[in-house]
$ cat start11.txt   # compact mmCIF, C-alpha atoms
# COMPACT_ATOMS: atom_id res chain seq x y z
CA PHE A 1 2.07 12.01 -3.35
CA PRO A 2 2.04 15.78 -3.04
CA VAL A 3 -1.28 17.24 -1.94
CA THR A 4 -2.55 20.66 -2.91
CA ILE A 5 -5.48 21.83 -0.86
CA ILE A 6 -8.20 23.15 -3.18
CA ALA A 7 -11.32 21.69 -1.57
CA GLU A 8 -13.56 23.37 0.95
CA GLY A 9 -15.23 22.08 4.10
CA SER A 10 -14.67 18.46 5.08
CA GLY A 11 -12.81 17.78 1.81
CA ALA A 12 -10.28 20.44 2.73
CA GLU A 13 -9.88 18.93 6.20
CA TYR A 14 -9.30 15.51 4.63
CA LEU A 15 -6.59 16.83 2.31
CA LYS A 16 -5.01 18.84 5.13
CA ARG A 17 -4.83 15.70 7.29
CA VAL A 18 -3.30 13.69 4.42
CA LYS A 19 -0.58 16.28 3.98
CA GLU A 20 0.13 16.47 7.74
CA SER A 21 0.22 12.69 7.96
CA GLN A 22 2.67 12.44 5.08
CA GLN A 23 4.95 15.01 6.72
CA ARG A 24 4.96 13.11 10.04
CA ASN A 25 5.53 9.71 8.50
CA PRO A 26 7.60 9.37 5.30
CA VAL A 27 6.34 5.81 4.79
CA ILE A 28 2.82 7.16 4.38
CA GLY A 29 4.03 9.84 2.00
CA SER A 30 5.71 7.26 -0.22
CA TRP A 31 2.94 4.63 -0.07
CA LYS A 32 1.75 3.74 -3.54
CA ALA A 33 -1.41 1.84 -4.30
CA MET A 34 -1.26 0.34 -7.76
CA LEU A 35 -4.80 1.44 -8.57
CA ARG A 36 -3.97 5.07 -7.83
CA ALA A 37 -0.39 5.17 -9.10
CA ASP A 38 0.56 6.89 -12.33
CA ASN A 39 3.15 5.56 -14.74
CA PRO A 40 5.90 4.53 -14.43
CA ASP A 41 5.00 3.39 -10.88
CA HIS A 42 1.74 1.79 -12.04
CA ASP A 43 3.48 -0.28 -14.72
CA ARG A 44 6.25 -1.32 -12.31
CA LEU A 45 3.75 -2.49 -9.70
CA LYS A 46 1.55 -4.15 -12.32
CA LYS A 47 4.54 -6.02 -13.75
CA PHE A 48 5.22 -7.43 -10.29
CA ALA A 49 1.61 -8.51 -9.71
CA MET A 50 0.55 -9.79 -13.14
CA PRO A 51 2.33 -13.17 -13.12
CA HIS A 52 0.11 -14.16 -10.21
CA PHE A 53 -2.98 -13.50 -12.33
CA SER A 54 -1.83 -15.21 -15.53
CA SER A 55 -3.96 -17.99 -16.99
CA ALA A 56 -1.39 -20.57 -15.93
CA SER A 57 -1.24 -19.31 -12.32
CA VAL A 58 -5.02 -19.10 -11.99
CA SER A 59 -5.41 -22.55 -13.59
CA LYS A 60 -3.02 -23.99 -11.00
CA MET A 61 -5.20 -22.49 -8.28
CA ALA A 62 -8.53 -23.49 -9.83
CA ASN A 63 -9.29 -26.25 -7.33
CA THR A 64 -8.20 -24.10 -4.39
CA ILE A 65 -10.35 -21.20 -5.61
CA LYS A 66 -13.28 -23.60 -6.12
CA ASP A 67 -12.88 -24.80 -2.52
CA ILE A 68 -12.77 -21.20 -1.27
CA VAL A 69 -15.93 -20.34 -3.22
CA ASP A 70 -17.72 -23.50 -2.07
CA ASN A 71 -16.83 -22.86 1.58
CA ARG A 72 -17.90 -19.21 1.48
CA VAL A 73 -21.17 -19.92 -0.36
CA ARG A 74 -21.95 -22.72 2.11
CA ARG A 75 -21.14 -20.37 5.02
CA ALA A 76 -23.25 -17.59 3.48
CA ALA A 77 -26.19 -19.98 3.05
CA THR A 78 -25.86 -21.11 6.66
CA ILE A 79 -25.69 -17.53 7.92
CA SER A 80 -28.67 -16.59 5.79
CA LEU A 81 -30.72 -19.57 6.98
CA MET A 82 -29.90 -18.73 10.59
CA GLY A 83 -31.27 -15.25 9.97
CA SER A 84 -28.29 -13.58 11.62
CA THR A 85 -27.52 -11.40 8.64
CA GLY A 86 -29.35 -9.91 5.72
CA TYR A 87 -28.54 -9.32 2.10
CA VAL A 88 -25.51 -7.15 2.88
CA GLY A 89 -23.95 -9.89 5.00
CA LEU A 90 -24.58 -12.43 2.28
CA VAL A 91 -23.01 -10.24 -0.41
CA HIS A 92 -20.02 -9.52 1.84
CA GLU A 93 -19.51 -13.19 2.62
CA VAL A 94 -19.64 -14.24 -1.02
CA THR A 95 -17.84 -11.35 -2.72
CA VAL A 96 -15.45 -9.66 -0.33
CA GLN A 97 -14.49 -12.76 1.63
CA ILE A 98 -13.89 -14.87 -1.49
CA ALA A 99 -11.58 -12.20 -2.89
CA GLN A 100 -9.74 -11.82 0.41
CA ASP A 101 -9.39 -15.58 0.93
CA THR A 102 -8.13 -16.04 -2.62
CA ILE A 103 -5.55 -13.26 -2.36
CA CYS A 104 -4.36 -14.48 1.04
CA THR A 105 -3.95 -17.95 -0.44
CA MET A 106 -2.07 -16.57 -3.44
CA ILE A 107 0.43 -14.74 -1.26
CA ASP A 108 0.60 -17.55 1.30
CA ILE A 109 -0.72 -15.71 4.36
CA PRO A 110 -1.09 -18.16 7.26
CA ASP A 111 -4.71 -18.97 8.11
CA GLY A 112 -4.35 -17.53 11.61
CA ASP A 113 -3.25 -14.14 10.24
CA ARG A 114 -5.86 -13.69 7.53
CA ASP A 115 -8.58 -12.01 9.55
CA ARG A 116 -6.12 -9.46 10.95
CA LEU A 117 -4.61 -8.76 7.52
CA CYS A 118 -8.09 -8.35 6.02
CA GLU A 119 -9.09 -5.98 8.82
CA TRP A 120 -6.01 -3.89 8.07
CA SER A 121 -6.78 -4.01 4.36
CA ASN A 122 -10.37 -2.89 4.89
CA ALA A 123 -9.27 -0.07 7.18
CA LEU A 124 -6.55 1.09 4.79
CA SER A 125 -8.88 1.00 1.81
CA MET A 126 -10.76 3.92 3.35
CA ALA A 127 -7.73 6.06 2.52
CA LEU A 128 -8.39 5.27 -1.14
CA GLU A 129 -11.87 6.77 -0.84
CA PRO A 130 -11.27 10.51 -0.60
CA LEU A 131 -14.79 11.17 -1.81
CA GLN A 132 -15.94 10.20 1.66
CA ALA A 133 -14.25 13.47 2.65
CA ASN A 134 -13.61 12.43 6.20
CA THR A 135 -10.41 11.86 8.07
CA THR A 136 -11.04 8.26 9.13
CA GLY A 137 -9.01 6.94 6.20
CA VAL A 138 -6.04 9.12 7.18
CA ASP A 139 -6.32 7.97 10.80
CA ASN A 140 -6.41 4.35 9.62
CA VAL A 141 -3.30 4.78 7.48
CA GLU A 142 -1.39 6.35 10.36
CA GLU A 143 -2.43 3.57 12.72
CA PHE A 144 -2.37 0.48 10.53
CA LEU A 145 0.11 1.00 7.67
CA PRO A 146 3.17 0.71 9.94
CA GLN A 147 1.68 -2.49 11.41
CA VAL A 148 1.05 -3.94 7.95
CA ILE A 149 4.57 -3.10 6.80
CA GLU A 150 6.07 -4.63 9.95
CA TYR A 151 3.98 -7.77 9.47
CA LEU A 152 4.88 -8.15 5.78
CA VAL A 153 8.59 -7.54 6.43
CA ARG A 154 8.45 -10.26 9.10
CA GLN A 155 6.68 -12.60 6.66
CA LEU A 156 9.31 -11.98 3.99
CA GLY A 157 12.10 -12.56 6.50
CA ASP A 158 10.53 -15.85 7.59
CA ARG A 159 10.23 -16.97 3.98
CA VAL A 160 13.86 -16.11 3.23
CA GLU A 161 14.96 -18.06 6.30
CA ARG A 162 12.85 -21.09 5.29
CA ARG A 163 14.35 -21.04 1.79
CA ARG A 164 17.87 -20.81 3.20
CA GLY A 165 17.11 -23.81 5.40
CA VAL A 166 15.91 -25.77 2.38
CA SER A 167 18.93 -24.99 0.19
$ encode --input "start11.txt" --output "structure tokens"
Amino acid sequence: FPVTIIAEGSGAEYLKRVKESQQRNPVIGSWKAMLRADNPDHDRLKKFAMPHFSSASVSKMANTIKDIVDNRVRRAATISLMGSTGYVGLVHEVTVQIAQDTICTMIDIPDGDRDRLCEWSNALSMALEPLQANTTGVDNVEEFLPQVIEYLVRQLGDRVERRRGVS
């Protein structure tokens, strides 16, 4: 997305770094997050994602989602009882982790890869927070987006190969 620098101070530095990053790496310049995309890109991305959130799809996953919630709530209670984390840790365990576990399950991310993918996701989400007006999000995108893309391309390739083997 084209960036026009109109901010001052750290906001200007953030926007400057975004623009420089996009010029160095075309993948970053063309990266679209559905939540920040305008139409027609938003509708195209939403059309791709929505079948996974239909009533029928969610109903099929109801037991799996219940298991995820039960496991995370049990883990949060254990962590809380052990005193190793406070309210923030409890909220993270129950809200963020449930969402991440559910999405990873929906898109069939292997258990062993989930923590790494969630770390990437958390790091990349900083780029969606320009109000922080720091360059950490830009640094994260430059470092992690190519790794995420490589990982997902490899996952897709593996799935295509498995389907070919089944046919």
$ atom_distance --input "start11.txt" --atom1 "atom CA of A:Arg72" --atom2 "atom CA of A:Cys118"
15.3 Å
$ residues_around --input "start11.txt" --residues "A:Leu117" --least-positions-apart "6" --cutoff "9 Å" --atoms "all atoms listed in the file" --output "number ranges by chain"
A: 104, 109, 148, 151
$ atom_distance --input "start11.txt" --atom1 "atom CA of A:Asp108" --atom2 "atom CA of A:Thr78"
27.2 Å
$ atom_distance --input "start11.txt" --atom1 "atom CA of A:Ile149" --atom2 "atom CA of A:Gly112"
17.6 Å
$ closest_residue --input "start11.txt" --among "A:Arg164, A:Thr105, A:Asn140, A:Leu152" --to "A:His52" --atoms "all atoms listed in the file"
A:Thr105
$ axis_aligned_box --input "start11.txt" --around "stretch 98-101 of chain A" --padding-each-side "5 Å" --output "lines of an AutoDock Vina configuration file"
center_x = -11.6
center_y = -13.7
center_z = -1.0
size_x = 14.5
size_y = 13.8
size_z = 13.8
$ closest_residue --input "start11.txt" --among "A:Leu15, A:Val160, A:Ala49, A:Val91" --to "A:Ile103" --atoms "all atoms listed in the file"
A:Ala49
